[in-house]
Amino acid sequence: MTTDQSPTEQRQQGLKKMSEVYGFELPNLAGDPFFEVTVDHLFADIWNRPGLSLRDRRLLLLGAITAQGHSEIAEIQVGAALRNGELDADQLREIAVFLAHYVGWPAATKLDGVIRKTLAKDKKK
């Protein structure tokens with residue numbers, strides 16, 4: 001827990017950051033241990049640390065999840081990056097090209113597919 005914060009304040013800070021990261025409001029699933037740790041630690045503490053912008057963290061996260069082959073999570077992150085204006089279509093495509101050289105073509109191909117799918121959905125809106 002962040003110092004000088006009550007558990008309730010920490011939860012509110014985590015929910016606020018989580019909504020900022022994903023670009024939409026999320027419910028408080030109190031009583032769900034995994035959700036509580038995610039909100040209270042990952043979002044209230046880790047995503048709020050100084051030194052990196054939200055965009056910086058998103059770029060790192062896209063690299064990590066691409067390297068691990070988690071295209072389902074990449075879809076969430078690509079959509080959030082677009083909604084939040086952190087990355088545009090050209091930058092997202094460039095990320096896939098760049099990562100292909102570091103994490104391998106198969107993993108980057110999955111990311112490229114996610115980017116294309118997300119951009120196509122975005123154009124239909």
# chains A, B, ... in the order shown; residues from 1 in each chain; ligands from 1

$ residues_around --residues "A:Leu54" --least-positions-apart "4" --cutoff "9 Å" --atoms "only C-alpha atoms" --output "list in words"
Glu20, Val21, Trp47, Asn48, Arg58, Leu59 and Glu86 of chain A

$ residues_around --residues "stretch 109-112 of chain A" --least-positions-apart "5" --cutoff "10 Å" --atoms "only C-alpha atoms" --output "PyMOL selection string"
chain A and resi 62-63+65-67+69-75+78+92-97+99-100+104+117-118

$ closest_residue --among "A:Gly51, A:Pro33, A:Thr38, A:Val114" --to "A:Met18" --atoms "only C-alpha atoms"
A:Thr38

$ closest_residue --among "A:Leu52, A:Val103, A:Leu26, A:Ile115" --to "A:Asp88" --atoms "only C-alpha atoms"
A:Ile115

$ select_by_dssp --residues "chain A" --states "helix (DSSP H, G or I)" --output "ChimeraX atom specification"
/A:7-22,33-46,54-67,71-83,89-103,105-124

$ residues_around --residues "A:Gly23" --least-positions-apart "6" --cutoff "9 Å" --atoms "only C-alpha atoms" --output "ChimeraX atom specification"
/A:79-81,83-84

$ write_last_selection --atoms "N, CA, C and O atoms" --output "PDB file, in the first residue's frame"
ATOM      1  N   GLY A  79      -6.236  -0.883 -28.258  1.00  0.00           N
ATOM      2  CA  GLY A  79      -7.464  -0.088 -28.209  1.00  0.00           C
ATOM      3  C   GLY A  79      -7.362   1.057 -27.218  1.00  0.00           C
ATOM      4  O   GLY A  79      -7.773   2.188 -27.508  1.00  0.00           O
ATOM      5  N   ALA A  80      -6.798   0.787 -26.056  1.00  0.00           N
ATOM      6  CA  ALA A  80      -6.639   1.826 -25.033  1.00  0.00           C
ATOM      7  C   ALA A  80      -5.673   2.909 -25.503  1.00  0.00           C
ATOM      8  O   ALA A  80      -5.920   4.100 -25.295  1.00  0.00           O
ATOM      9  N   ALA A  81      -4.581   2.519 -26.155  1.00  0.00           N
ATOM     10  CA  ALA A  81      -3.606   3.504 -26.656  1.00  0.00           C
ATOM     11  C   ALA A  81      -4.256   4.425 -27.685  1.00  0.00           C
ATOM     12  O   ALA A  81      -3.989   5.632 -27.702  1.00  0.00           O
ATOM     13  N   ARG A  83      -7.643   5.062 -27.932  1.00  0.00           N
ATOM     14  CA  ARG A  83      -8.655   5.859 -27.224  1.00  0.00           C
ATOM     15  C   ARG A  83      -8.029   7.009 -26.457  1.00  0.00           C
ATOM     16  O   ARG A  83      -8.574   8.104 -26.411  1.00  0.00           O
ATOM     17  N   ASN A  84      -6.880   6.745 -25.841  1.00  0.00           N
ATOM     18  CA  ASN A  84      -6.223   7.758 -25.013  1.00  0.00           C
ATOM     19  C   ASN A  84      -5.355   8.720 -25.818  1.00  0.00           C
ATOM     20  O   ASN A  84      -4.783   9.650 -25.251  1.00  0.00           O
TER      21      ASN A  84
END

$ closest_residue --among "A:Ala108, A:Ala89, A:Leu15, A:Leu82" --to "A:Leu42" --atoms "only C-alpha atoms"
A:Leu15

$ closest_residue --among "A:Ala107, A:Ser6, A:Leu87, A:Lys123" --to "A:Ala64" --atoms "only C-alpha atoms"
A:Ala107

$ residues_around --residues "A:Gly14" --least-positions-apart "5" --cutoff "10 Å" --atoms "only C-alpha atoms" --output "list in words"
Thr8, Glu9, Ser19, Glu20, Asn28, Glu36, Val37, Thr38, Val39, Asp40, His41, Leu42, Phe43, Ala44, Asp45, Ile46, Trp47 and Asn48 of chain A

$ atom_distance --atom1 "atom CA of A:Gly113" --atom2 "atom CA of A:Leu61"
17.2 Å
